[in-house]
Amino acid sequence: MSSIGVIRMPQDDKRDSGLRILALMFGALAVWAISYAIASGMLHHYPASARYRAAAVVIGVIGFVVWQLATAKLIGLHDEFTRRIHLIAFAIAFAVTGLFIFTTDLLQRAGFVDYIRLRTIWVVMLCAWWLALIGAQWYYRR
Amino acid sequence: MKNRLRVLRAEQNWSQAELGMRVGVTRQAINAIETRRYDPGLPLAMKIARVFEKKVDDIFELEDKD
């Protein structure tokens, strides 16, 4: 179909950009979730096979890297102000996660807490990132 | 950094969203600049100056504390 005579309005570009961002976000999340499910399934069903366990790790990591790259691309699609908000949120999440790791390490060595799973640290980092994002948006957009 | 964005926008009778669309940022970005919570980078400052047909210096002004 010819595009001659079709006038594109700014809101059309904005809508297309929004759809592209949504597609990228959900696509990357789907890749991550599926690869993680596959990796978990392989680790569960083939605990004795080193080859399968190694493959599970590779699949899981690839899915995660895809999600990371997509997130970076997603942030890059925004304007400089939104990128600033993301930068602040990352900085806060980094600081909170570092503080959590440092504190739990000392608490473990002091005998106050038992072993802490790596996934707990991961959840703390994600929550800190999410809360920092909301906080930064609230500060700049109120 | 002080700026005259709100005044210039009012003169053109543009909303924050409209100005944002013209320079390629969100309404929230324009609001943050107008309320002086956010200083724009050079490319955005130049885009803003261009849509108002002014120089960057005519819109943004450094203060002693900057």
# chains A, B, ... in the order shown; residues from 1 in each chain; ligands from 1

call {"tool": "residues_around", "arguments": {"residues": "range 29-41 of chain B", "least_positions_apart": "2", "cutoff": "7 Å", "atoms": "only C-alpha atoms", "output": "PyMOL selection string"}}
result
(chain A and resi 81+140-141) or (chain B and resi 1+5-6+16+20+25-27+43-45)

call {"tool": "write_last_selection", "arguments": {"atoms": "C-alpha atoms", "output": "PDB file, in the first residue's frame"}}
result
ATOM      1  CA  PHE A  81      14.468  13.473  31.900  1.00  0.00           C
ATOM      2  CA  TYR A 140      10.355  15.101  40.088  1.00  0.00           C
ATOM      3  CA  ARG A 141       6.744  14.899  38.944  1.00  0.00           C
TER       4      ARG A 141
ATOM      5  CA  MET B   1      19.312  27.611  37.139  1.00  0.00           C
ATOM      6  CA  LEU B   5       9.938  28.673  30.323  1.00  0.00           C
ATOM      7  CA  ARG B   6       6.564  29.143  31.983  1.00  0.00           C
ATOM      8  CA  GLN B  16       3.128  21.705  29.045  1.00  0.00           C
ATOM      9  CA  GLY B  20       6.833  18.635  25.493  1.00  0.00           C
ATOM     10  CA  VAL B  25       9.961  15.074  26.025  1.00  0.00           C
ATOM     11  CA  THR B  26       7.135  14.271  28.416  1.00  0.00           C
ATOM     12  CA  ARG B  27       4.842  16.809  30.067  1.00  0.00           C
ATOM     13  CA  PRO B  43      20.503  19.363  23.391  1.00  0.00           C
ATOM     14  CA  LEU B  44      17.130  19.772  25.109  1.00  0.00           C
ATOM     15  CA  ALA B  45      17.883  23.372  26.083  1.00  0.00           C
TER      16      ALA B  45
END

call {"tool": "select_by_dssp", "arguments": {"residues": "chain A", "states": "helix (DSSP H, G or I)", "output": "tab-separated table (two decimals) with C-alpha atoms, in the first residue's frame"}}
result
chain	number	residue	atom	x	y	z
A	10	PRO	CA	2.89	13.59	16.28
A	11	GLN	CA	0.45	11.58	18.40
A	12	ASP	CA	0.74	8.71	15.89
A	13	ASP	CA	4.50	8.63	16.38
A	14	LYS	CA	4.01	8.79	20.14
A	15	ARG	CA	1.53	5.90	20.02
A	16	ASP	CA	3.83	3.82	17.82
A	17	SER	CA	6.74	4.53	20.15
A	18	GLY	CA	4.61	3.51	23.14
A	19	LEU	CA	3.59	0.27	21.43
A	20	ARG	CA	7.20	-0.46	20.53
A	21	ILE	CA	8.24	0.07	24.14
A	22	LEU	CA	5.44	-2.19	25.41
A	23	ALA	CA	6.28	-4.92	22.89
A	24	LEU	CA	9.96	-4.75	23.82
A	25	MET	CA	9.20	-4.85	27.53
A	26	PHE	CA	6.79	-7.80	27.39
A	27	GLY	CA	8.93	-9.65	24.83
A	28	ALA	CA	12.01	-9.40	27.02
A	29	LEU	CA	10.06	-10.38	30.13
A	30	ALA	CA	8.66	-13.40	28.28
A	31	VAL	CA	12.15	-14.48	27.15
A	32	TRP	CA	13.43	-14.15	30.69
A	33	ALA	CA	10.49	-16.02	32.26
A	34	ILE	CA	10.57	-18.84	29.69
A	35	SER	CA	14.34	-19.31	29.88
A	36	TYR	CA	14.18	-19.31	33.68
A	37	ALA	CA	11.37	-21.87	33.65
A	38	ILE	CA	13.30	-24.07	31.24
A	39	ALA	CA	16.49	-23.77	33.31
A	40	SER	CA	14.63	-24.54	36.55
A	41	GLY	CA	12.92	-27.52	34.91
A	42	MET	CA	16.23	-28.93	33.66
A	43	LEU	CA	17.86	-28.53	37.07
A	44	HIS	CA	14.88	-30.24	38.68
A	45	HIS	CA	14.61	-33.16	36.23
A	50	ALA	CA	26.54	-32.13	34.59
A	51	ARG	CA	25.90	-31.47	30.92
A	52	TYR	CA	22.22	-30.64	31.52
A	53	ARG	CA	23.03	-28.54	34.56
A	54	ALA	CA	25.58	-26.54	32.58
A	55	ALA	CA	23.05	-26.11	29.76
A	56	ALA	CA	20.45	-24.94	32.29
A	57	VAL	CA	22.83	-22.28	33.60
A	58	VAL	CA	23.66	-21.09	30.07
A	59	ILE	CA	19.97	-20.91	29.06
A	60	GLY	CA	19.03	-19.05	32.24
A	61	VAL	CA	21.88	-16.57	31.89
A	62	ILE	CA	21.14	-15.92	28.21
A	63	GLY	CA	17.50	-15.16	29.05
A	64	PHE	CA	18.58	-12.79	31.77
A	65	VAL	CA	21.10	-11.00	29.54
A	66	VAL	CA	18.37	-10.55	26.90
A	67	TRP	CA	16.18	-8.95	29.54
A	68	GLN	CA	19.03	-6.69	30.68
A	69	LEU	CA	19.80	-5.56	27.13
A	70	ALA	CA	16.12	-4.95	26.43
A	71	THR	CA	15.80	-2.91	29.64
A	72	ALA	CA	18.82	-0.80	28.66
A	73	LYS	CA	17.35	-0.29	25.18
A	74	LEU	CA	13.99	0.57	26.71
A	75	ILE	CA	15.50	3.23	28.96
A	76	GLY	CA	17.43	4.62	26.00
A	77	LEU	CA	14.18	5.15	24.08
A	80	GLU	CA	16.65	12.63	28.90
A	81	PHE	CA	14.47	13.47	31.90
A	82	THR	CA	13.08	9.93	32.19
A	83	ARG	CA	16.59	8.53	31.71
A	84	ARG	CA	17.72	10.70	34.63
A	85	ILE	CA	14.97	9.20	36.80
A	86	HIS	CA	16.14	5.69	35.86
A	87	LEU	CA	19.74	6.61	36.61
A	88	ILE	CA	18.80	7.84	40.08
A	89	ALA	CA	16.72	4.71	40.70
A	90	PHE	CA	19.64	2.49	39.69
A	91	ALA	CA	22.00	4.41	41.95
A	92	ILE	CA	19.64	4.07	44.92
A	93	ALA	CA	19.06	0.36	44.22
A	94	PHE	CA	22.82	-0.20	44.03
A	95	ALA	CA	23.36	1.60	47.34
A	96	VAL	CA	20.52	-0.24	49.11
A	97	THR	CA	21.66	-3.65	47.81
A	98	GLY	CA	25.25	-2.93	48.79
A	99	LEU	CA	24.13	-1.91	52.27
A	100	PHE	CA	21.99	-5.05	52.57
A	101	ILE	CA	24.87	-7.35	51.53
A	102	PHE	CA	27.35	-5.61	53.81
A	103	THR	CA	24.98	-5.68	56.78
A	104	THR	CA	23.90	-9.31	56.36
A	105	ASP	CA	27.53	-10.35	55.93
A	106	LEU	CA	28.41	-8.76	59.26
A	107	LEU	CA	25.27	-10.18	60.91
A	108	GLN	CA	26.19	-13.66	59.66
A	109	ARG	CA	29.74	-13.40	60.91
A	118	LEU	CA	21.33	-15.30	46.87
A	119	ARG	CA	17.76	-15.05	45.63
A	120	THR	CA	16.90	-13.00	48.72
A	121	ILE	CA	19.53	-10.45	47.71
A	122	TRP	CA	18.12	-10.47	44.20
A	123	VAL	CA	14.60	-9.76	45.49
A	124	VAL	CA	15.91	-6.97	47.73
A	125	MET	CA	17.64	-5.37	44.73
A	126	LEU	CA	14.52	-5.57	42.54
A	127	CYS	CA	12.30	-4.14	45.29
A	128	ALA	CA	14.80	-1.34	45.97
A	129	TRP	CA	14.94	-0.52	42.25
A	130	TRP	CA	11.15	-0.47	41.97
A	131	LEU	CA	10.66	1.66	45.09
A	132	ALA	CA	13.47	4.03	44.06
A	133	LEU	CA	11.85	4.44	40.64
A	134	ILE	CA	8.52	5.34	42.24
A	135	GLY	CA	10.25	7.67	44.71
A	136	ALA	CA	12.26	9.47	42.02
A	137	GLN	CA	9.17	9.88	39.84
A	138	TRP	CA	7.24	11.22	42.79
A	139	TYR	CA	9.98	13.73	43.62
A	140	TYR	CA	10.35	15.10	40.09
A	141	ARG	CA	6.74	14.90	38.94

call {"tool": "atom_distance", "arguments": {"atom1": "CA of Ala17 in chain B", "atom2": "CA of Glu63 in chain B"}}
result
27.2 Å

call {"tool": "closest_residue", "arguments": {"among": "B:Ser15, B:Lys2, B:Gln28, B:Leu8", "to": "Glu53 in chain B", "atoms": "only C-alpha atoms"}}
result
B:Leu8

call {"tool": "select_by_dssp", "arguments": {"residues": "chain B", "states": "strand (DSSP E or B)", "output": "number ranges by chain"}}
result
B: 2-3, 60-61

call {"tool": "atom_distance", "arguments": {"atom1": "CA of Gly24 in chain B", "atom2": "CA of Val56 in chain B"}}
result
17.0 Å

call {"tool": "atom_distance", "arguments": {"atom1": "CA of Ala49 in chain B", "atom2": "CA of Asp79 in chain A"}}
result
17.0 Å
